[in-house]
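All remarks here apply to the structure that follows.
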Amino acid sequence: MTQTPIPNPDPSQVLDDVLCSEQKRDGQNEETVDVASASLGSPGRVLSIDARVERAWAHWNKLGRPKYIVAPMVDNSELPFRLLCQKYGAQAAYTPMLHSRIFSETEKYRNQEFTTCKEDRPLFVQFCANDPDTLLEAAKRVEPYCDYVDINLGCPQRIARRGNYGAFLMDNLPLVKSLVEKLVQNLNVHVSCKIRIFPNIQDTLSYAKMLEDAGCSLLAVHGRTRDEKDGKKFRANWSAIKEVKNALRIPVLANGNVRCIEDVDDCIKETGVEGVLSAETLLENPAVFAGFRTAEWAKGSEEEEEFVDGGLDQGDLVVEYLKLCEKHPVPWRMIRSHVHKMLGDWFRVHPQVREELNAQNILTFEFLYGIVDQLKELGGRVPLYKKRKIDNTLKQQESPPPPKVQKTLES
Ligand SMILES: Cc1cc2nc3c(=O)[nH]c(=O)nc-3n(C[C@H](O)[C@H](O)[C@H](O)COP(=O)(O)O)c2cc1C
């Protein structure tokens, strides 16, 4: 079966495809691992289901049972962003989805789309595929640098329909089974899958059981169906995730509806899963796992009064992210995308600065640091909020209430 290549981007994107530091990449950053020359060990063995389940849990325990996990995001869960999220509480992360055929065939794609370093663990490397041999070839190249090779079975986009991968493999479960089995029988590293649910719970449960039986060591369940593409419109179905968790013996992760750290705790309590993946929320607020909330989620909550300026803002996070990019080069298009998402609230106050960024075809770090400085000087600071620690002694003395969360933007 063939896979459709990624279509050619428009000309402005071509400039953004260039790595933010070709020089460093050519000389190999000393801490960044050289993936292109990876060679691999012996194949995994065929084990009984009991032994496989035991092995899956031993692995999960060895990784420290991560609860807070960066979801896979094309062009967005790249190394510097994973490291930024890790600094603010993420305990594991997925790479963006990598196209297994292009990854096997093209060195430039490998070098640009997958970089890692020794701090970047636990790591799931995700591939899309529809051919077991091609998938194995790609997986073998990353096996030494990750804790799971993950198969993307959830992408609902048109490109996945055309390429026959992601959620469209839900129409061909024997093929899915053969993808999982091929990896399990030939890799030493553990194999995981990320799925969407079927509209019918019984179909979802049979699907999940099939993956477990095929040797999948960990299952991440996005609680939306293939047709529920818009995460803002459709709430993820946690009760379906709970049923999957109850039906399986391997570790299960949940995905969907996480806007703040309390949502993670609620999701784990409600579904019984081991951990939770977050995507869109992290893009705006990479510090969500450290308990920070954007104004949108601090102000809307019933406990609004408990939230105070956390002493951190998205401008600070952009600066930290850019520094990580200087150390671990990635294509400019990824950097551009993160700057837009993290500074979205600030750009709404000063749209002319966003226009300046849009007009800049060739980015530099100097220019981007300048954008943050400019926004700060213009008085567009938007804080991230944290829950105030309640001091019961003070409460008893009837001290005055804490300052209310600012609804308007602070200068
Ligand atoms: C920008 C972006 C890129 C994504 N890329 C991938 C991907 O490469 N692989 C994947 O399995 N899911 C991908 N997703 C889906 C997310 O991993 C996640 O399943 C979905 O956004 C629901 O989680 P959320 O409610 O926390 O956003 C992507 C989502 C976003 C927003």
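Ligands are numbered from 1 in the order shown, residues from 1 within each chain, and chains are lettered A, B, ... in the order they appear in the structure tokens.
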How would you write, as a ChimeraX atom specification, the set of residues no farther than 6 Å from ligand 1 when counting only C-alpha atoms and all ligand atoms? /A:71-74,76,96-97,152,154-155,222,231,255-258,278-280
Can those selected residues be exported to a file as a compact mmCIF listing (two decimals), in the first residue's frame so that it contains C-alpha atoms?
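Generated file (part24.txt):
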# COMPACT_ATOMS: atom_id res chain seq x y z
CA ALA A 71 0.45 14.97 23.34
CA PRO A 72 1.80 14.42 19.83
CA MET A 73 1.43 17.55 17.69
CA VAL A 74 2.64 17.91 14.12
CA ASN A 76 4.42 21.62 17.60
CA PRO A 96 5.01 15.05 16.41
CA MET A 97 3.65 12.38 14.06
CA ASN A 152 -0.89 7.14 15.13
CA GLY A 154 -6.23 8.82 15.48
CA CYS A 155 -5.46 11.46 12.85
CA HIS A 222 -8.58 10.33 22.61
CA GLY A 231 -12.09 19.75 20.05
CA ASN A 255 -6.79 12.54 26.06
CA GLY A 256 -9.28 15.40 25.73
CA ASN A 257 -10.92 18.15 27.80
CA VAL A 258 -7.83 19.19 29.78
CA SER A 278 -2.73 17.50 26.68
CA ALA A 279 -2.32 19.27 23.32
CA GLU A 280 -4.11 22.54 22.58
10 Å contact set for Ile268 of chain A, only C-alpha atoms, chain neighbours under 5 positions out, as a compact mmCIF listing (two decimals) with C-alpha atoms, in the first residue's frame:
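Wrote it out as part.txt, contents follow:
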# COMPACT_ATOMS: atom_id res chain seq x y z
CA LYS A 67 0.88 11.37 34.69
CA TRP A 238 -14.40 10.26 29.49
CA LYS A 242 -13.13 4.62 31.55
CA LEU A 253 -3.80 7.17 29.02
CA ALA A 254 -6.65 9.61 28.45
CA GLU A 262 -7.45 20.17 38.14
CA ASP A 263 -8.91 18.69 34.92
CA VAL A 273 -6.27 5.97 33.72
CA GLU A 274 -2.56 6.16 34.47
CA GLY A 275 -2.00 9.61 32.95
CA VAL A 276 -3.34 12.32 30.70
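Using only C-alpha atoms, the nearest neighbour of Lys376 of chain A within the list A:Glu137, A:Asp316, A:Asp17, A:Asp171 is A:Asp316.
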Expressed in Å to a single decimal, how great is the separation between atom CA of Val149 of chain A and atom CA of Val125 of chain A? 5.0 Å
Which polymer residues have any atom within 12 Å of an atom of Ala56 of chain A, counting only C-alpha atoms, with same-chain residues fewer than 3 positions away left out, as a PyMOL selection string? chain A and resi 47+49-53+59-63+65+147-148+184+189-192+212+215-219+248-252
Taking 4 positions as the minimum chain separation for residues in the same chain, which residues sit within 12 Å of segment 288-292 of chain A when counting only C-alpha atoms? Answer as a PyMOL selection string. chain A and resi 66-70+84-92+258-265+275-284+296-298+307-314+317+383-389
Please produce an output containing C-alpha atoms for each residue in the selection, written as a PDB file, in the first residue's frame.
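Result written to result22.pdb:
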ATOM      1  CA  PRO A  66       4.268   9.692  34.266  1.00  0.00           C
ATOM      2  CA  LYS A  67       0.877  11.372  34.694  1.00  0.00           C
ATOM      3  CA  TYR A  68       1.377  14.655  32.856  1.00  0.00           C
ATOM      4  CA  ILE A  69       2.126  14.074  29.212  1.00  0.00           C
ATOM      5  CA  VAL A  70       2.681  16.297  26.157  1.00  0.00           C
ATOM      6  CA  LEU A  84       9.952  23.689  27.899  1.00  0.00           C
ATOM      7  CA  CYS A  85       6.888  21.693  28.974  1.00  0.00           C
ATOM      8  CA  GLN A  86       9.119  19.338  30.950  1.00  0.00           C
ATOM      9  CA  LYS A  87      10.566  22.282  32.870  1.00  0.00           C
ATOM     10  CA  TYR A  88       6.999  23.192  33.817  1.00  0.00           C
ATOM     11  CA  GLY A  89       5.810  19.834  35.021  1.00  0.00           C
ATOM     12  CA  ALA A  90       5.367  17.524  32.012  1.00  0.00           C
ATOM     13  CA  GLN A  91       6.614  14.057  32.908  1.00  0.00           C
ATOM     14  CA  ALA A  92       6.734  12.518  29.412  1.00  0.00           C
ATOM     15  CA  VAL A 258      -7.832  19.185  29.779  1.00  0.00           C
ATOM     16  CA  ARG A 259      -7.653  22.917  30.367  1.00  0.00           C
ATOM     17  CA  CYS A 260      -5.948  23.058  33.756  1.00  0.00           C
ATOM     18  CA  ILE A 261      -4.209  20.806  36.249  1.00  0.00           C
ATOM     19  CA  GLU A 262      -7.446  20.169  38.139  1.00  0.00           C
ATOM     20  CA  ASP A 263      -8.913  18.690  34.923  1.00  0.00           C
ATOM     21  CA  VAL A 264      -6.039  16.196  34.858  1.00  0.00           C
ATOM     22  CA  ASP A 265      -6.769  15.107  38.415  1.00  0.00           C
ATOM     23  CA  GLY A 275      -2.000   9.606  32.947  1.00  0.00           C
ATOM     24  CA  VAL A 276      -3.342  12.317  30.697  1.00  0.00           C
ATOM     25  CA  LEU A 277      -2.208  13.829  27.388  1.00  0.00           C
ATOM     26  CA  SER A 278      -2.727  17.500  26.677  1.00  0.00           C
ATOM     27  CA  ALA A 279      -2.318  19.267  23.318  1.00  0.00           C
ATOM     28  CA  GLU A 280      -4.112  22.543  22.581  1.00  0.00           C
ATOM     29  CA  THR A 281      -3.942  23.879  26.125  1.00  0.00           C
ATOM     30  CA  LEU A 282      -0.178  23.376  26.269  1.00  0.00           C
ATOM     31  CA  LEU A 283       0.314  25.317  23.060  1.00  0.00           C
ATOM     32  CA  GLU A 284      -1.081  28.441  24.678  1.00  0.00           C
ATOM     33  CA  GLU A 296      -9.464  32.604  30.258  1.00  0.00           C
ATOM     34  CA  TRP A 297      -9.479  29.577  32.581  1.00  0.00           C
ATOM     35  CA  ALA A 298      -8.693  31.401  35.838  1.00  0.00           C
ATOM     36  CA  PHE A 307      -6.274  32.886  41.513  1.00  0.00           C
ATOM     37  CA  VAL A 308      -3.459  35.395  41.686  1.00  0.00           C
ATOM     38  CA  ASP A 309      -0.748  36.541  39.286  1.00  0.00           C
ATOM     39  CA  GLY A 310       1.641  33.556  39.228  1.00  0.00           C
ATOM     40  CA  GLY A 311       4.734  35.663  38.507  1.00  0.00           C
ATOM     41  CA  LEU A 312       5.096  34.095  35.054  1.00  0.00           C
ATOM     42  CA  ASP A 313       3.750  35.146  31.680  1.00  0.00           C
ATOM     43  CA  GLN A 314       3.665  33.902  28.101  1.00  0.00           C
ATOM     44  CA  LEU A 317       7.811  31.375  28.209  1.00  0.00           C
ATOM     45  CA  PRO A 383      -0.009  37.106  33.469  1.00  0.00           C
ATOM     46  CA  LEU A 384      -0.507  33.422  33.991  1.00  0.00           C
ATOM     47  CA  TYR A 385      -2.437  32.747  37.168  1.00  0.00           C
ATOM     48  CA  LYS A 386      -1.854  30.306  39.964  1.00  0.00           C
ATOM     49  CA  LYS A 387      -4.026  29.207  42.835  1.00  0.00           C
ATOM     50  CA  ARG A 388      -3.218  31.166  45.961  1.00  0.00           C
ATOM     51  CA  LYS A 389      -2.231  28.919  48.833  1.00  0.00           C
TER      52      LYS A 389
END
Step one, run DSSP on the backbone; step two, keep only residues of segment 62-277 of chain A assigned to strand (DSSP E or B); then write them as a tab-separated table (two decimals) with C-alpha atoms, in the first residue's frame.
chain	number	residue	atom	x	y	z
A	68	TYR	CA	1.38	14.65	32.86
A	69	ILE	CA	2.13	14.07	29.21
A	70	VAL	CA	2.68	16.30	26.16
A	92	ALA	CA	6.73	12.52	29.41
A	93	ALA	CA	6.14	13.61	25.83
A	94	TYR	CA	5.29	12.45	22.32
A	98	LEU	CA	6.40	11.33	11.67
A	99	HIS	CA	5.59	9.88	8.27
A	117	CYS	CA	18.71	14.75	23.62
A	123	LEU	CA	9.76	9.83	25.00
A	124	PHE	CA	7.14	8.38	22.65
A	125	VAL	CA	8.14	8.61	18.98
A	126	GLN	CA	5.00	8.58	16.88
A	127	PHE	CA	4.67	7.37	13.29
A	128	CYS	CA	1.84	7.16	10.83
A	148	TYR	CA	7.86	3.76	23.09
A	149	VAL	CA	7.38	3.66	19.35
A	150	ASP	CA	3.83	4.89	18.94
A	151	ILE	CA	1.44	4.29	16.05
A	152	ASN	CA	-0.89	7.14	15.13
A	153	LEU	CA	-4.35	5.62	14.72
A	190	HIS	CA	7.80	-1.05	23.69
A	191	VAL	CA	5.01	-0.32	21.22
A	192	SER	CA	2.11	2.00	22.01
A	193	CYS	CA	-0.92	3.21	20.06
A	194	LYS	CA	-3.01	6.35	20.12
A	195	ILE	CA	-6.62	5.85	19.06
A	196	ARG	CA	-9.91	7.65	18.75
A	218	LEU	CA	0.26	1.14	26.30
A	219	LEU	CA	-2.86	2.70	24.81
A	220	ALA	CA	-3.68	6.41	24.67
A	221	VAL	CA	-7.38	7.04	24.05
A	222	HIS	CA	-8.58	10.33	22.61
A	252	VAL	CA	-4.07	3.40	29.51
A	253	LEU	CA	-3.80	7.17	29.02
A	254	ALA	CA	-6.65	9.61	28.45
A	255	ASN	CA	-6.79	12.54	26.06
A	275	GLY	CA	-2.00	9.61	32.95
A	276	VAL	CA	-3.34	12.32	30.70
A	277	LEU	CA	-2.21	13.83	27.39
